[in-house]
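Visitor: Data file model.txt (compact mmCIF, C-alpha atoms) is appended below.
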# COMPACT_ATOMS: atom_id res chain seq x y z
CA MET A 1 31.45 -19.25 11.49
CA LYS A 2 32.34 -17.64 8.16
CA GLY A 3 33.72 -20.99 6.99
CA TRP A 4 30.46 -22.78 7.68
CA ARG A 5 28.49 -20.05 5.94
CA ARG A 6 30.72 -20.39 2.88
CA ILE A 7 30.26 -24.18 2.87
CA ALA A 8 26.48 -23.84 3.22
CA ARG A 9 26.44 -21.32 0.40
CA ASP A 10 28.48 -23.59 -1.86
CA LEU A 11 26.31 -26.66 -1.15
CA ALA A 12 22.90 -24.98 -1.40
CA PRO A 13 21.09 -25.38 -4.74
CA PRO A 14 21.03 -22.16 -6.77
CA VAL A 15 17.22 -22.06 -6.68
CA LEU A 16 17.29 -22.10 -2.87
CA LEU A 17 19.81 -19.29 -2.77
CA ARG A 18 17.73 -17.23 -5.14
CA ALA A 19 14.61 -17.78 -3.06
CA PHE A 20 16.41 -16.80 0.12
CA ARG A 21 17.86 -13.67 -1.42
CA ARG A 22 14.50 -12.67 -2.90
CA ALA A 23 12.74 -13.15 0.46
CA ALA A 24 15.36 -11.09 2.25
CA THR A 25 15.18 -8.38 -0.39
CA ASP A 26 11.37 -8.28 -0.25
CA ALA A 27 11.40 -7.87 3.53
CA ARG A 28 13.89 -5.02 3.31
CA HIS A 29 12.06 -3.31 0.47
CA ILE A 30 8.67 -3.00 2.14
CA ARG A 31 9.00 0.66 3.02
CA PHE A 32 7.04 3.20 5.03
CA VAL A 33 7.60 6.78 3.93
CA GLY A 34 6.32 10.18 4.93
CA ASN A 35 4.32 11.61 7.80
CA TYR A 36 1.10 12.98 6.31
CA GLY A 37 -1.30 15.42 7.89
CA ASN A 38 -4.45 13.77 6.55
CA TRP A 39 -5.71 10.73 4.65
CA GLN A 40 -6.28 12.54 1.37
CA ALA A 41 -2.66 13.71 1.28
CA ALA A 42 -1.40 10.16 1.90
CA LEU A 43 -3.81 8.80 -0.71
CA ALA A 44 -2.62 11.34 -3.27
CA ALA A 45 0.96 10.18 -2.67
CA SER A 46 0.08 6.50 -3.23
CA GLN A 47 -1.86 4.20 -5.53
CA GLY A 48 -4.46 3.28 -2.90
CA TYR A 49 -5.61 -0.04 -1.53
CA ALA A 50 -8.38 -0.45 -4.10
CA SER A 51 -5.75 -1.17 -6.76
CA GLU A 52 -6.77 -3.68 -9.43
CA ALA A 53 -3.30 -5.25 -9.20
CA ILE A 54 -3.85 -6.15 -5.53
CA PHE A 55 -7.24 -7.72 -6.23
CA GLU A 56 -6.05 -9.76 -9.22
CA LYS A 57 -2.97 -11.03 -7.40
CA THR A 58 -5.06 -11.98 -4.36
CA ARG A 59 -7.69 -13.72 -6.49
CA ALA A 60 -5.12 -15.70 -8.48
CA ALA A 61 -3.33 -16.85 -5.31
CA ALA A 62 -6.58 -17.87 -3.60
CA ILE A 63 -7.67 -19.86 -6.67
CA ARG A 64 -4.39 -21.76 -6.66
CA VAL A 65 -4.91 -22.71 -3.03
CA ALA A 66 -8.54 -23.71 -3.62
CA ARG A 67 -7.47 -25.95 -6.51
CA GLY A 68 -4.75 -27.59 -4.44
CA GLU A 69 -1.99 -26.13 -6.59
CA ALA A 70 -0.53 -24.23 -3.63
CA VAL A 71 -0.50 -24.82 0.11
CA TYR A 72 -1.34 -21.33 1.38
CA GLU A 73 -1.52 -17.67 0.46
CA ARG A 74 -1.17 -14.57 2.58
CA ASP A 75 -1.54 -11.01 1.32
CA SER A 76 -1.60 -12.45 -2.22
CA VAL A 77 1.77 -14.23 -1.76
CA VAL A 78 1.73 -17.98 -2.41
CA LEU A 79 3.59 -19.93 0.28
CA ASP A 80 4.75 -23.53 0.54
CA ARG A 81 3.55 -23.84 4.16
CA VAL A 82 0.74 -22.39 6.23
CA GLU A 83 1.73 -19.45 8.44
CA TYR A 84 -0.44 -20.08 11.49
CA SER A 85 -1.23 -17.24 13.86
CA TYR A 86 -1.46 -19.34 17.01
CA PRO A 87 -2.67 -16.53 19.32
CA VAL A 88 -5.57 -15.91 16.93
CA ILE A 89 -6.37 -19.62 16.69
CA ALA A 90 -6.24 -19.95 20.48
CA ALA A 91 -8.56 -16.97 20.90
CA LEU A 92 -11.04 -18.36 18.38
CA LEU A 93 -11.05 -21.81 20.00
CA ARG A 94 -11.52 -20.26 23.42
CA CYS A 95 -14.47 -18.33 22.06
CA ALA A 96 -15.94 -21.55 20.65
CA CYS A 97 -15.50 -23.29 24.02
CA ALA A 98 -17.38 -20.47 25.72
CA ASN A 99 -20.24 -20.91 23.22
CA ASP A 100 -20.86 -24.66 23.43
CA GLY A 101 -18.50 -25.47 20.56
CA ARG A 102 -20.08 -22.99 18.16
CA LEU A 103 -17.88 -20.41 16.45
CA ARG A 104 -19.38 -17.66 14.33
CA VAL A 105 -16.74 -15.27 12.99
CA LEU A 106 -17.13 -11.85 11.43
CA ASP A 107 -13.88 -11.38 9.51
CA PHE A 108 -13.66 -7.72 8.48
CA GLY A 109 -11.26 -7.26 5.56
CA GLY A 110 -10.75 -11.01 5.24
CA ALA A 111 -10.10 -10.87 1.46
CA LEU A 112 -11.10 -14.20 -0.10
CA GLY A 113 -10.76 -16.38 2.99
CA THR A 114 -7.10 -16.51 4.01
CA SER A 115 -7.76 -16.67 7.77
CA TYR A 116 -10.65 -19.09 7.27
CA ARG A 117 -8.41 -21.52 5.40
CA GLN A 118 -5.74 -21.13 8.09
CA PHE A 119 -8.24 -21.98 10.83
CA LYS A 120 -9.83 -24.99 9.07
CA ALA A 121 -7.08 -27.32 10.32
CA PHE A 122 -8.31 -26.68 13.87
CA ARG A 123 -12.08 -26.86 13.33
CA THR A 124 -12.56 -30.60 14.00
CA PRO A 125 -13.82 -30.36 17.61
CA LEU A 126 -16.34 -27.62 16.79
CA ARG A 127 -20.04 -28.31 16.62
CA GLU A 128 -20.57 -25.37 14.27
CA LEU A 129 -18.40 -23.00 12.20
CA GLN A 130 -19.72 -19.97 10.33
CA TRP A 131 -17.24 -17.54 8.80
CA SER A 132 -18.55 -14.26 7.39
CA ILE A 133 -16.18 -11.97 5.48
CA VAL A 134 -16.95 -8.27 5.03
CA GLU A 135 -15.05 -6.83 2.09
CA GLN A 136 -14.98 -4.47 -0.87
CA PRO A 137 -17.71 -5.18 -3.48
CA ARG A 138 -15.38 -6.80 -6.01
CA TYR A 139 -14.08 -9.22 -3.35
CA VAL A 140 -17.63 -10.03 -2.28
CA GLU A 141 -18.72 -10.76 -5.84
CA CYS A 142 -15.67 -12.94 -6.48
CA GLY A 143 -15.97 -14.66 -3.10
CA ARG A 144 -19.62 -15.52 -3.60
CA THR A 145 -19.08 -17.00 -7.06
CA GLN A 146 -15.77 -18.81 -6.50
CA PHE A 147 -15.11 -19.44 -2.80
CA ALA A 148 -18.31 -19.47 -0.74
CA ASN A 149 -19.46 -22.74 0.86
CA ASP A 150 -21.71 -23.88 3.71
CA GLU A 151 -19.32 -22.30 6.24
CA LEU A 152 -17.90 -19.34 4.32
CA ARG A 153 -20.00 -16.35 3.27
CA PHE A 154 -19.23 -12.85 1.92
CA PHE A 155 -20.96 -9.55 2.75
CA GLU A 156 -20.57 -5.89 1.82
CA SER A 157 -21.45 -4.52 5.27
CA ILE A 158 -21.12 -5.33 8.94
CA ALA A 159 -24.88 -4.98 9.36
CA ALA A 160 -25.57 -7.66 6.74
CA ALA A 161 -22.99 -10.02 8.22
CA VAL A 162 -24.29 -9.57 11.76
CA ALA A 163 -27.88 -10.15 10.64
CA HIS A 164 -26.89 -13.39 8.93
CA THR A 165 -24.31 -14.74 11.35
CA LYS A 166 -24.86 -13.23 14.82
CA PRO A 167 -21.08 -13.50 15.41
CA ASN A 168 -19.47 -14.39 18.73
CA ALA A 169 -16.02 -13.39 17.43
CA VAL A 170 -14.87 -10.46 15.31
CA LEU A 171 -11.50 -10.77 13.55
CA LEU A 172 -9.58 -7.67 12.46
CA SER A 173 -6.41 -9.08 10.92
CA GLY A 174 -4.07 -6.64 9.20
CA VAL A 175 -6.89 -4.23 8.39
CA LEU A 176 -7.26 -1.38 10.91
CA GLN A 177 -4.12 0.46 9.76
CA TYR A 178 -5.40 0.63 6.18
CA LEU A 179 -8.72 2.33 6.97
CA GLU A 180 -9.29 6.07 6.73
CA TYR A 181 -11.38 6.01 9.90
CA PRO A 182 -10.33 2.97 11.95
CA ARG A 183 -11.94 4.22 15.16
CA ARG A 184 -15.24 4.63 13.36
CA LEU A 185 -15.09 0.92 12.53
CA ILE A 186 -14.32 0.07 16.17
CA GLY A 187 -17.40 2.04 17.21
CA GLU A 188 -19.60 0.32 14.62
CA ILE A 189 -18.48 -3.10 15.80
CA ALA A 190 -19.10 -2.17 19.44
CA THR A 191 -22.67 -1.08 18.69
CA SER A 192 -23.44 -3.98 16.33
CA THR A 193 -22.38 -6.99 18.39
CA SER A 194 -21.21 -8.09 21.83
CA ALA A 195 -18.67 -10.50 20.38
CA THR A 196 -15.04 -11.00 21.36
CA VAL A 197 -12.80 -8.80 19.19
CA ILE A 198 -9.47 -10.21 18.00
CA VAL A 199 -7.03 -7.71 16.50
CA ASP A 200 -4.02 -9.19 14.67
CA ARG A 201 -1.13 -7.94 12.50
CA THR A 202 -1.62 -4.29 13.40
CA SER A 203 1.19 -1.71 13.32
CA CYS A 204 1.71 -0.12 16.75
CA SER A 205 4.41 2.07 18.24
CA ALA A 206 5.29 3.55 21.63
CA LEU A 207 4.67 7.07 20.31
CA ALA A 208 2.04 9.26 21.93
CA GLU A 209 0.35 9.98 18.58
CA ASP A 210 -0.56 8.02 15.47
CA VAL A 211 1.63 8.47 12.39
CA LEU A 212 0.05 8.41 8.92
CA THR A 213 2.51 7.14 6.35
CA VAL A 214 2.54 5.40 2.96
CA GLN A 215 3.44 1.72 2.73
CA ILE A 216 5.29 0.82 -0.45
CA VAL A 217 5.20 -2.82 -1.52
CA PRO A 218 8.00 -4.29 -3.67
CA PRO A 219 7.02 -5.30 -7.23
CA SER A 220 7.94 -8.94 -6.48
CA ILE A 221 4.79 -9.07 -4.32
CA TYR A 222 2.71 -6.58 -6.31
CA ASP A 223 3.32 -3.06 -7.50
CA ALA A 224 1.32 -1.03 -5.01
CA SER A 225 1.40 1.64 -2.33
CA TYR A 226 -1.28 2.77 0.08
CA PRO A 227 -1.86 4.90 3.18
CA CYS A 228 -1.00 3.15 6.43
CA TRP A 229 -1.43 4.19 10.06
CA ILE A 230 1.27 3.46 12.60
CA PHE A 231 -0.93 3.53 15.67
CA SER A 232 0.05 4.81 19.05
CA ALA A 233 -0.49 1.56 21.00
CA SER A 234 -1.82 3.41 24.02
CA GLY A 235 -4.17 5.47 21.86
CA LEU A 236 -5.50 2.41 20.05
CA LEU A 237 -6.21 0.67 23.35
CA ARG A 238 -8.11 3.72 24.56
CA SER A 239 -10.31 3.46 21.46
CA PHE A 240 -11.52 0.07 22.68
CA GLY A 241 -11.54 1.01 26.34
CA GLU A 242 -15.08 2.32 26.68
CA LYS A 243 -16.82 -0.89 25.59
CA TYR A 244 -14.11 -3.54 25.95
CA ARG A 245 -11.53 -4.81 28.40
CA LEU A 246 -8.13 -5.88 27.11
CA ASP A 247 -7.63 -9.58 27.76
CA VAL A 248 -4.50 -10.58 25.81
CA THR A 249 -1.63 -8.77 24.06
CA PHE A 250 0.78 -10.48 21.65
CA THR A 251 3.36 -9.57 19.01
CA ASP A 252 4.01 -11.04 15.59
CA THR A 253 7.77 -11.42 15.92
CA ALA A 254 8.06 -12.53 12.29
CA HIS A 255 7.04 -9.06 11.11
CA ALA A 256 8.85 -6.15 12.71
CA TRP A 257 9.53 -3.06 10.64
CA ILE A 258 11.46 0.14 11.00
CA GLY A 259 8.88 2.86 10.67
CA PRO A 260 9.14 6.62 10.29
CA LYS A 261 11.79 7.69 12.79
CA ARG A 262 10.91 4.96 15.28
CA GLU A 263 10.67 1.19 15.38
CA PHE A 264 7.15 -0.23 15.56
CA GLU A 265 5.69 -3.66 16.15
CA ILE A 266 3.12 -5.78 14.40
CA ALA A 267 0.90 -6.34 17.40
CA GLY A 268 -2.23 -8.22 18.35
CA PHE A 269 -4.88 -7.91 21.04
CA VAL A 270 -7.90 -9.82 22.30
CA PHE A 271 -10.74 -7.75 23.73
CA GLU A 272 -13.76 -8.96 25.65
CA PRO A 273 -16.90 -6.82 25.88
CA LYS A 274 -17.50 -5.25 29.27
CA SER A 275 -20.52 -6.68 31.04
Show this structure as structure tokens.

Guide:
Amino acid sequence: MKGWRRIARDLAPPVLLRAFRRAATDARHIRFVGNYGNWQAALAASQGYASEAIFEKTRAAAIRVARGEAVYERDSVVLDRVEYSYPVIAALLRCACANDGRLRVLDFGGALGTSYRQFKAFRTPLRELQWSIVEQPRYVECGRTQFANDELRFFESIAAAVAHTKPNAVLLSGVLQYLEYPRRLIGEIATSTSATVIVDRTSCSALAEDVLTVQIVPPSIYDASYPCWIFSASGLLRSFGEKYRLDVTFTDTAHAWIGPKREFEIAGFVFEPKS
């Protein structure tokens, strides 16, 4: 085995080796540190998610994709292939089938349209697609001027998005763990719409309690750090339990991290409103 590895290493172009080493280093260097008693303490120990560096990197990557200069971007990182989340796509298509081929998505924290662009390859059989992103004001302003189209719209509040779109699916992809009050958002969604709720890329552990930590991103992605919840999976499910029934659970096996003291998963769930 070592011989084959040495041969592969010798034959691989230097640029490929550098890319592989950088990817491996980036994955190792995303760190989660501390166990903070409250959000303000974690925020004081980090730069915060509203960092200008995050916005500018995300905007630049999305522009490259829109211009056809790159294939895909995720979390501001430009990729040479689309990273499809097939459980999410399946859930969205199932929702469309249940609504006569019409899919109206409220994408909370959807940046400048990453999940929308991922899903577009699967939209052909749909009779209608509306995708409404709720984001920070600077993302909304940028999205409206540079990325909005007949299907894609940007809003600063759930209420505005619901009034415009009347969604039958709500997508929470990689967002709950970065909110100060994630359960408040869950409650707002439950009272605003009776849509299917799809939760993706969310950090969950087997612990009995949530852990509030700081996620540190390597400079090769962008120089940033921000508070991050590692949810107790059982506790998070209870937060949905009053208004929703859990329909599907899945795990993003490509993203598994070692968290504070315990391993945690990047998990996903599909919830249907209780009748």

Visitor: To one decimal place, how far is CA of Val162 (chain A) from CA of Phe250 (chain A) in Å?

Guide: 27.0 Å

Visitor: Find, counting all atoms listed in the file, the residue in A:Leu171, A:Ala159, A:Val82, A:Leu152 that gets nearest to Val65 (chain A).

Guide: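 Under the stated criterion, the closest residue is A:Val82.
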
Visitor: Counting all atoms listed in the file, figure out which residue out of A:Ala61, A:Val214, A:Val270, A:Ile186 gets nearest to Asn38 (chain A).

Guide: A:Val214

Visitor: Considering only C-alpha atoms, can you say which of A:Ile216, A:Phe264, A:Leu112, A:Ala42 comes closest to Thr145 (chain A)?

Guide: A:Leu112

Visitor: Neighbouring residues of Asp223 (chain A) were defined as those with any atom within 10 Å, considering only C-alpha atoms; residues of the same chain fewer than 2 positions away were excluded. Please report them as a PyMOL selection string.

Guide: chain A and resi 47+51+53-54+216-221+225

Visitor: Which one of A:Tyr84, A:Phe108, A:Trp131, A:Phe122 sits closest to Asp150 (chain A) if you count all atoms listed in the file?

Guide: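 Among the listed residues, A:Trp131 lies closest to Asp150 (chain A).
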
Visitor: Calculated over all atoms listed in the file, which of the candidates A:Asp200, A:Gln177, A:Glu188, A:Gly113 has the smallest distance to Phe231 (chain A)?

Guide: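 Checking each of A:Asp200, A:Gln177, A:Glu188, A:Gly113 against Phe231 (chain A), counting all atoms listed in the file, the winner is A:Gln177.
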
Visitor: Find the residue from A:Arg31, A:Arg117, A:Arg144, A:Arg183 that sits nearest to Glu83 (chain A); use all atoms listed in the file when measuring.

Guide: A:Arg117

Visitor: Within 12 Å of region 101-106 of chain A, which residues of region 169-211 of chain A come that close, and what is the closest atom pair and distance in Å for each? Count only C-alpha atoms and give it as a Markdown table.

Guide:
| residue | atom | partner | partner_atom | distance |
| --- | --- | --- | --- | --- |
| A:Ala169 | CA | A:Val105 | CA | 4.9 |
| A:Val170 | CA | A:Leu106 | CA | 4.7 |
| A:Leu171 | CA | A:Leu106 | CA | 6.1 |
| A:Leu172 | CA | A:Leu106 | CA | 8.7 |
| A:Ser173 | CA | A:Leu106 | CA | 11.1 |
| A:Ile189 | CA | A:Leu106 | CA | 9.9 |
| A:Ser192 | CA | A:Leu106 | CA | 11.2 |
| A:Thr193 | CA | A:Leu106 | CA | 10.0 |
| A:Ser194 | CA | A:Leu106 | CA | 11.8 |
| A:Ala195 | CA | A:Val105 | CA | 9.0 |
| A:Thr196 | CA | A:Val105 | CA | 9.5 |
| A:Val197 | CA | A:Leu106 | CA | 9.4 |
| A:Ile198 | CA | A:Val105 | CA | 10.2 |

Visitor: Would you mind reading off the distance between CA of Ser157 (chain A) and CA of Pro182 (chain A), one decimal, in Å?

Guide: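 Between CA of Ser157 (chain A) and CA of Pro182 (chain A) the gap is 15.0 Å.
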
Visitor: Would you pick out the contacts of Phe147 (chain A) at 10 Å or less, using all atoms listed in the file, so that residues sharing its chain but fewer than 5 positions from it are not included, and give the list as JSON, numbers by chain?

Guide: {"A": [62, 63, 66, 112, 113, 140, 141, 142, 152, 153, 154]}

Visitor: Dump C-alpha atoms for the selected residues as a short mmCIF file (atom, residue, chain, number, x, y, z; two decimals), in the coordinates of the input?

Guide:
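Saved file out.cif follows:
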data_model
loop_
_atom_site.label_atom_id
_atom_site.label_comp_id
_atom_site.auth_asym_id
_atom_site.auth_seq_id
_atom_site.Cartn_x
_atom_site.Cartn_y
_atom_site.Cartn_z
CA ALA A 62 -6.58 -17.87 -3.60
CA ILE A 63 -7.67 -19.86 -6.67
CA ALA A 66 -8.54 -23.71 -3.62
CA LEU A 112 -11.10 -14.20 -0.10
CA GLY A 113 -10.76 -16.38 2.99
CA VAL A 140 -17.63 -10.03 -2.28
CA GLU A 141 -18.72 -10.76 -5.84
CA CYS A 142 -15.67 -12.94 -6.48
CA LEU A 152 -17.90 -19.34 4.32
CA ARG A 153 -20.00 -16.35 3.27
CA PHE A 154 -19.23 -12.85 1.92
#

Visitor: Rounded to one decimal in Å, what is the spacing between CA of Pro125 (chain A) and CA of Pro167 (chain A)?

Guide: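 Between CA of Pro125 (chain A) and CA of Pro167 (chain A) the gap is 18.5 Å.
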
Visitor: Excluding Gly235 (chain A) and its own-chain neighbours fewer than 4 positions away, which residues fall within 8 Å of it when counting only C-alpha atoms? Please give them as a short mmCIF file (atom, residue, chain, number, x, y, z; two decimals) with C-alpha atoms, in the frame of the given file.

Guide:
data_model
loop_
_atom_site.label_atom_id
_atom_site.label_comp_id
_atom_site.auth_asym_id
_atom_site.auth_seq_id
_atom_site.Cartn_x
_atom_site.Cartn_y
_atom_site.Cartn_z
CA ALA A 208 2.04 9.26 21.93
CA GLU A 209 0.35 9.98 18.58
CA ASP A 210 -0.56 8.02 15.47
CA PHE A 231 -0.93 3.53 15.67
CA SER A 239 -10.31 3.46 21.46
#

Visitor: Show me as a PDB file with C-alpha atoms, in the frame of the given file the residues that reach within 9 Å of (-1.6, 3.5, 8.7), counting all atoms listed in the file and using the file's own coordinates.

Guide:
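This went into result.pdb:
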ATOM      1  CA  LEU A 176      -7.260  -1.380  10.910  1.00  0.00           C
ATOM      2  CA  GLN A 177      -4.120   0.460   9.760  1.00  0.00           C
ATOM      3  CA  TYR A 178      -5.400   0.630   6.180  1.00  0.00           C
ATOM      4  CA  LEU A 179      -8.720   2.330   6.970  1.00  0.00           C
ATOM      5  CA  GLU A 180      -9.290   6.070   6.730  1.00  0.00           C
ATOM      6  CA  SER A 203       1.190  -1.710  13.320  1.00  0.00           C
ATOM      7  CA  ASP A 210      -0.560   8.020  15.470  1.00  0.00           C
ATOM      8  CA  VAL A 211       1.630   8.470  12.390  1.00  0.00           C
ATOM      9  CA  LEU A 212       0.050   8.410   8.920  1.00  0.00           C
ATOM     10  CA  THR A 213       2.510   7.140   6.350  1.00  0.00           C
ATOM     11  CA  VAL A 214       2.540   5.400   2.960  1.00  0.00           C
ATOM     12  CA  GLN A 215       3.440   1.720   2.730  1.00  0.00           C
ATOM     13  CA  TYR A 226      -1.280   2.770   0.080  1.00  0.00           C
ATOM     14  CA  PRO A 227      -1.860   4.900   3.180  1.00  0.00           C
ATOM     15  CA  CYS A 228      -1.000   3.150   6.430  1.00  0.00           C
ATOM     16  CA  TRP A 229      -1.430   4.190  10.060  1.00  0.00           C
ATOM     17  CA  ILE A 230       1.270   3.460  12.600  1.00  0.00           C
ATOM     18  CA  PHE A 231      -0.930   3.530  15.670  1.00  0.00           C
TER      19      PHE A 231
END

Visitor: Show which residues sit within 8 Å of Ala233 (chain A), as a PyMOL selection string. Count only C-alpha atoms, and ignore same-chain residues fewer than 4 positions away.

Guide: chain A and resi 204-207+237

Visitor: Return as lines of an AutoDock Vina configuration file the centre and edge lengths, in Å with one decimal, of the box along x, y and z that encloses every atom of region 202-211 of chain A in the file, padded by 3 Å per side.

Guide:
center_x = 1.8
center_y = 2.8
center_z = 17.2
size_x = 12.9
size_y = 20.3
size_z = 15.5
